[in-house]
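Notes follow the structure.
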Amino acid sequence: MPMTIDLALIGGTGLYRFPGLEDVSEHVLETPWGKPSDVIVSGRLGSCRVAFLARHGRGHDILPHKVNYRANLHALKQIGAIRVIGVNAVGGIRGDMGPRVVVVPDQIIDYTHGRITSFCDAEGVEVRHIDFSEPYTQALRRDLLDAASRAGVAVVDGGCYGATQGPRLETRAEIARMRRDGCDLVGMTGMPEATLARELDLDYACLALVANWAAGCGDEGEISLDEIFANLEQVTAQVPPIITAMLSPS
Ligand code: HPA
């Protein structure tokens, strides 16, 4: 049952529901690719309709490499989404991307393996080689940046997201290599989400929330999970004002 969805959000670690939605309904969807990570929750934010899906499930029980990315994107498209924001917890590599910083990246390097990365990866489906030179939709990135500025939330414009397999964090050597490759951020869920969104002709951008310094980038030796979750709780609070500004007439 397609409806008008003004914006869809895929919430990552630390974002399992979108606060402030009114007239909420839950949609249990099936797709040709199986079930999405959870129900899709839709609701009204002012005069706009927002759809929300928790990438790891609302109980956070799906590992990054086990997420059914195809079903998630397909289900969002099925209910009528056109514009999708992926919210991703990340580690910071670049000096100005430390804990609690919000980044709207503009490039991706994919280090994941064994994930299904295309809707064409099925019998009888014609192969389509999408252009992915700009992995995120520039107009949607711009809307996010403009909204953040109107909401008074500091956001870094641009940066390269390195997608790793997880669920473990990286070694210092891996992060040093990623830095040499040009990565500014590291996360486990940015791919294949972005490429699948492009295959479905969805507009897609990433709101990256820095939870910790990536391995070897900060002062402390070991990365503590407590610190990751404390930082995420703080930085996630910046998401609703950005999205609300994005959906408010400027
Ligand atoms: N590495 C990969 N993914 C992450 C990290 C990290 O350091 N922090 C949050 N997600």
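Each chain of the structure tokens is named A, B, ... in the order shown, its residues numbered from 1; ligands are numbered from 1 in display order.
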
* Test item: residues lying within 6 Å of ligand 1 with only C-alpha atoms and all ligand atoms, as number ranges by chain -> A: 89-91, 169-170, 186-188, 211-212, 214

Generate a file of the selected residues that holds N, CA and C atoms, formatted as a tab-separated table (two decimals), in the first residue's frame.
chain	number	residue	atom	x	y	z
A	89	ALA	N	26.29	4.79	12.81
A	89	ALA	CA	27.34	5.01	13.81
A	89	ALA	C	28.68	4.68	13.16
A	90	VAL	N	29.67	5.50	13.42
A	90	VAL	CA	30.99	5.30	12.78
A	90	VAL	C	32.12	5.59	13.76
A	91	GLY	N	33.31	5.15	13.38
A	91	GLY	CA	34.53	5.55	14.07
A	91	GLY	C	35.18	6.67	13.26
A	169	LEU	N	35.69	-4.59	15.75
A	169	LEU	CA	36.30	-3.33	15.33
A	169	LEU	C	37.62	-3.67	14.62
A	170	GLU	N	38.24	-2.65	14.04
A	170	GLU	CA	39.40	-2.89	13.18
A	170	GLU	C	40.71	-2.93	13.99
A	186	VAL	N	34.98	5.17	9.54
A	186	VAL	CA	34.83	3.73	9.33
A	186	VAL	C	33.53	3.26	9.99
A	187	GLY	N	32.80	2.44	9.26
A	187	GLY	CA	31.55	1.91	9.80
A	187	GLY	C	31.24	0.57	9.14
A	188	MET	N	30.25	-0.14	9.67
A	188	MET	CA	30.03	-1.51	9.20
A	188	MET	C	28.78	-1.67	8.34
A	211	ALA	N	31.09	7.76	16.95
A	211	ALA	CA	30.93	7.17	18.29
A	211	ALA	C	32.27	7.10	19.03
A	212	ASN	N	33.36	7.02	18.28
A	212	ASN	CA	34.67	6.79	18.90
A	212	ASN	C	35.75	7.14	17.88
A	214	ALA	N	38.57	5.81	15.67
A	214	ALA	CA	38.89	4.49	15.12
A	214	ALA	C	40.22	4.01	15.72

* Who sits within 7 Å of range 221-238 of chain A, only C-alpha atoms, same chain under 3 positions skipped, as a PyMOL selection string -> chain A and resi 14-15+99-100+153+209+211-212+241-242

* To do: Find the spatial neighbours of His27 in chain A, counting only C-alpha atoms, within a cut-off of 8 Å - ignore same-chain residues fewer than 4 positions away - and output them as a VMD selection string.
  => chain A and resid 39 to 42

Would you put the residues from that selection into a file with N, CA, C and O atoms, as a PDB file, in the first residue's frame?
ATOM      1  N   VAL A  39       9.501  -4.068  11.662  1.00  0.00           N
ATOM      2  CA  VAL A  39       8.367  -3.354  11.067  1.00  0.00           C
ATOM      3  C   VAL A  39       8.860  -1.978  10.617  1.00  0.00           C
ATOM      4  O   VAL A  39       9.847  -1.453  11.141  1.00  0.00           O
ATOM      5  N   ILE A  40       8.173  -1.409   9.647  1.00  0.00           N
ATOM      6  CA  ILE A  40       8.434  -0.011   9.304  1.00  0.00           C
ATOM      7  C   ILE A  40       7.406   0.816  10.064  1.00  0.00           C
ATOM      8  O   ILE A  40       6.206   0.513  10.035  1.00  0.00           O
ATOM      9  N   VAL A  41       7.890   1.803  10.781  1.00  0.00           N
ATOM     10  CA  VAL A  41       6.991   2.668  11.541  1.00  0.00           C
ATOM     11  C   VAL A  41       6.815   3.942  10.719  1.00  0.00           C
ATOM     12  O   VAL A  41       7.804   4.544  10.291  1.00  0.00           O
ATOM     13  N   SER A  42       5.555   4.306  10.466  1.00  0.00           N
ATOM     14  CA  SER A  42       5.366   5.584   9.781  1.00  0.00           C
ATOM     15  C   SER A  42       4.560   6.505  10.691  1.00  0.00           C
ATOM     16  O   SER A  42       3.782   6.039  11.530  1.00  0.00           O
TER      17      SER A  42
END

* Return the single residue from A:Gly218, A:Pro32, A:Pro249, A:Gly80 that is closest to Arg94 in chain A, with distances computed using only C-alpha atoms. => A:Gly218

I'd like the neighbourhood of Arg55 in chain A as a PDB file with N, CA and C atoms, in the first residue's frame, where a residue qualifies if any of its atoms comes within 6 Å (using only C-alpha atoms), though same-chain residues fewer than 2 positions away should be ignored.
ATOM      1  N   ILE A  10      16.671   5.197   8.001  1.00  0.00           N
ATOM      2  CA  ILE A  10      17.115   3.887   8.472  1.00  0.00           C
ATOM      3  C   ILE A  10      18.001   4.168   9.679  1.00  0.00           C
ATOM      4  N   GLY A  11      17.533   3.775  10.846  1.00  0.00           N
ATOM      5  CA  GLY A  11      18.279   4.074  12.073  1.00  0.00           C
ATOM      6  C   GLY A  11      19.323   3.009  12.332  1.00  0.00           C
ATOM      7  N   GLY A  12      20.518   3.446  12.745  1.00  0.00           N
ATOM      8  CA  GLY A  12      21.593   2.501  13.059  1.00  0.00           C
ATOM      9  C   GLY A  12      21.707   2.301  14.561  1.00  0.00           C
ATOM     10  N   SER A  37      14.418  -5.742   8.419  1.00  0.00           N
ATOM     11  CA  SER A  37      14.959  -5.945   9.767  1.00  0.00           C
ATOM     12  C   SER A  37      13.889  -5.873  10.848  1.00  0.00           C
ATOM     13  N   GLY A  57      17.140  -4.032  13.690  1.00  0.00           N
ATOM     14  CA  GLY A  57      15.968  -4.437  14.456  1.00  0.00           C
ATOM     15  C   GLY A  57      15.863  -3.552  15.687  1.00  0.00           C
TER      16      GLY A  57
END

* To do: Select from range 46-191 of chain A everything DSSP, run on the backbone, classes as helix (DSSP H, G or I), then give the selection as a ChimeraX atom specification.
  => /A:64-66,69-79,138-151,172-181

* **Nearest to Val101 in chain A, chosen from A:Asp6, A:Asp23, A:Asp201, A:Asp157, with only C-alpha atoms counted in the distances** => A:Asp157

* To do: Determine the nearest neighbour of Glu174 in chain A from the options A:Leu63, A:Leu145, A:Cys217, A:Leu207, counting only C-alpha atoms.
  =>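 Comparing A:Leu63, A:Leu145, A:Cys217, A:Leu207 against Glu174 in chain A, the winner is A:Cys217.
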
* Using only C-alpha atoms, which of A:Ala51, A:Leu73, A:Leu21, A:Val125 sits nearest Thr195 in chain A? -> A:Leu73

* Structure fact -> Using only C-alpha atoms, the shortest atom-to-atom distance to Ser248 in chain A among A:Asp131, A:Glu193, A:Asp203, A:Asp143 belongs to A:Asp143

* Name the residues of range 86-191 of chain A that come out as strand (DSSP E) in a backbone DSSP run; write them as a ChimeraX atom specification. => /A:86-92,102-104,107-110,156-157,160-163,185-187

* Asked: Could you state the separation of CA of Asn72 in chain A and CA of Asp146 in chain A in Å, given to one decimal place?
  -> 27.0 Å

* To do: Fewer than 3 positions away in the same chain doesn't count, so skip those; otherwise give me all residues within 9 Å of Asp110 in chain A, counting only C-alpha atoms, as a ChimeraX atom specification.
  => /A:113,161-164,190-192

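By only C-alpha atoms, and with residues fewer than 5 positions from range 135-139 of chain A along its chain excluded, the set lying at most 10 Å from it is Arg83, Val84, Ile85, Val104, Pro105, Asp106, Gln107, Ile108, Ile109, Leu144, Leu145, Ala194, Thr195, Ala197, Arg198, Leu202, Asp203, Tyr204, Ala205 and Cys206 of chain A.
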
Only N, CA, C and O atoms, please: the residues just picked out, written as a compact mmCIF listing (two decimals), in the first residue's frame.
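Now in selection30.txt:
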# COMPACT_ATOMS: atom_id res chain seq x y z
N ARG A 83 12.97 9.35 -0.81
CA ARG A 83 14.21 9.89 -0.24
C ARG A 83 14.52 9.13 1.05
O ARG A 83 13.67 9.05 1.95
N VAL A 84 15.74 8.61 1.16
CA VAL A 84 16.12 7.78 2.31
C VAL A 84 17.41 8.33 2.93
O VAL A 84 18.39 8.57 2.22
N ILE A 85 17.37 8.51 4.24
CA ILE A 85 18.59 8.89 4.97
C ILE A 85 19.03 7.68 5.79
O ILE A 85 18.26 7.17 6.62
N VAL A 104 28.30 14.39 7.03
CA VAL A 104 27.53 13.97 5.84
C VAL A 104 28.56 13.58 4.78
O VAL A 104 29.07 14.44 4.05
N PRO A 105 28.95 12.30 4.74
CA PRO A 105 30.03 11.90 3.82
C PRO A 105 29.63 12.05 2.36
O PRO A 105 28.44 12.13 2.04
N ASP A 106 30.66 12.09 1.49
CA ASP A 106 30.34 12.18 0.06
C ASP A 106 30.99 11.08 -0.76
O ASP A 106 30.80 11.03 -1.97
N GLN A 107 31.77 10.22 -0.11
CA GLN A 107 32.37 9.11 -0.85
C GLN A 107 32.40 7.85 0.01
O GLN A 107 32.22 7.93 1.24
N ILE A 108 32.61 6.72 -0.65
CA ILE A 108 32.62 5.42 0.03
C ILE A 108 33.76 4.57 -0.53
O ILE A 108 34.00 4.60 -1.74
N ILE A 109 34.43 3.84 0.35
CA ILE A 109 35.26 2.71 -0.11
C ILE A 109 34.70 1.47 0.60
O ILE A 109 34.49 1.50 1.82
N LEU A 144 20.30 17.98 3.69
CA LEU A 144 20.70 17.65 5.07
C LEU A 144 21.59 18.74 5.64
O LEU A 144 21.42 19.17 6.79
N LEU A 145 22.55 19.18 4.84
CA LEU A 145 23.50 20.20 5.31
C LEU A 145 22.78 21.52 5.58
O LEU A 145 23.03 22.18 6.60
N ALA A 194 23.96 1.75 0.31
CA ALA A 194 23.97 2.88 -0.63
C ALA A 194 23.80 2.41 -2.07
O ALA A 194 23.08 3.03 -2.87
N THR A 195 24.45 1.33 -2.42
CA THR A 195 24.39 0.87 -3.81
C THR A 195 23.01 0.27 -4.13
O THR A 195 22.47 0.44 -5.23
N ALA A 197 20.21 1.22 -2.75
CA ALA A 197 19.30 2.38 -2.88
C ALA A 197 19.40 2.94 -4.30
O ALA A 197 18.39 3.25 -4.94
N ARG A 198 20.63 3.04 -4.81
CA ARG A 198 20.82 3.57 -6.17
C ARG A 198 20.15 2.64 -7.19
O ARG A 198 19.52 3.10 -8.14
N LEU A 202 16.33 5.22 -5.58
CA LEU A 202 15.96 6.02 -4.40
C LEU A 202 17.02 7.09 -4.19
O LEU A 202 18.21 6.83 -4.41
N ASP A 203 16.62 8.25 -3.75
CA ASP A 203 17.60 9.24 -3.30
C ASP A 203 18.12 8.76 -1.95
O ASP A 203 17.33 8.34 -1.09
N TYR A 204 19.43 8.84 -1.76
CA TYR A 204 20.01 8.27 -0.53
C TYR A 204 21.18 9.13 -0.07
O TYR A 204 22.03 9.53 -0.88
N ALA A 205 21.21 9.43 1.22
CA ALA A 205 22.37 10.12 1.81
C ALA A 205 22.61 9.54 3.19
O ALA A 205 21.73 8.88 3.77
N CYS A 206 23.79 9.79 3.71
CA CYS A 206 24.20 9.21 5.00
C CYS A 206 24.44 10.31 6.02
O CYS A 206 25.06 11.33 5.73

* **Top pick for closest residue to Asp181 in chain A, considering A:Arg70, A:Thr4, A:Glu26, A:Tyr111 and counting only C-alpha atoms** =>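 Once distances to Asp181 in chain A are computed over only C-alpha atoms, the minimum belongs to A:Tyr111.
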
* To do: Calculate how many Å separate CA of Arg168 in chain A from CA of Val210 in chain A, rounding to one decimal.
  =>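 Between these atoms lies a distance of 16.6 Å.
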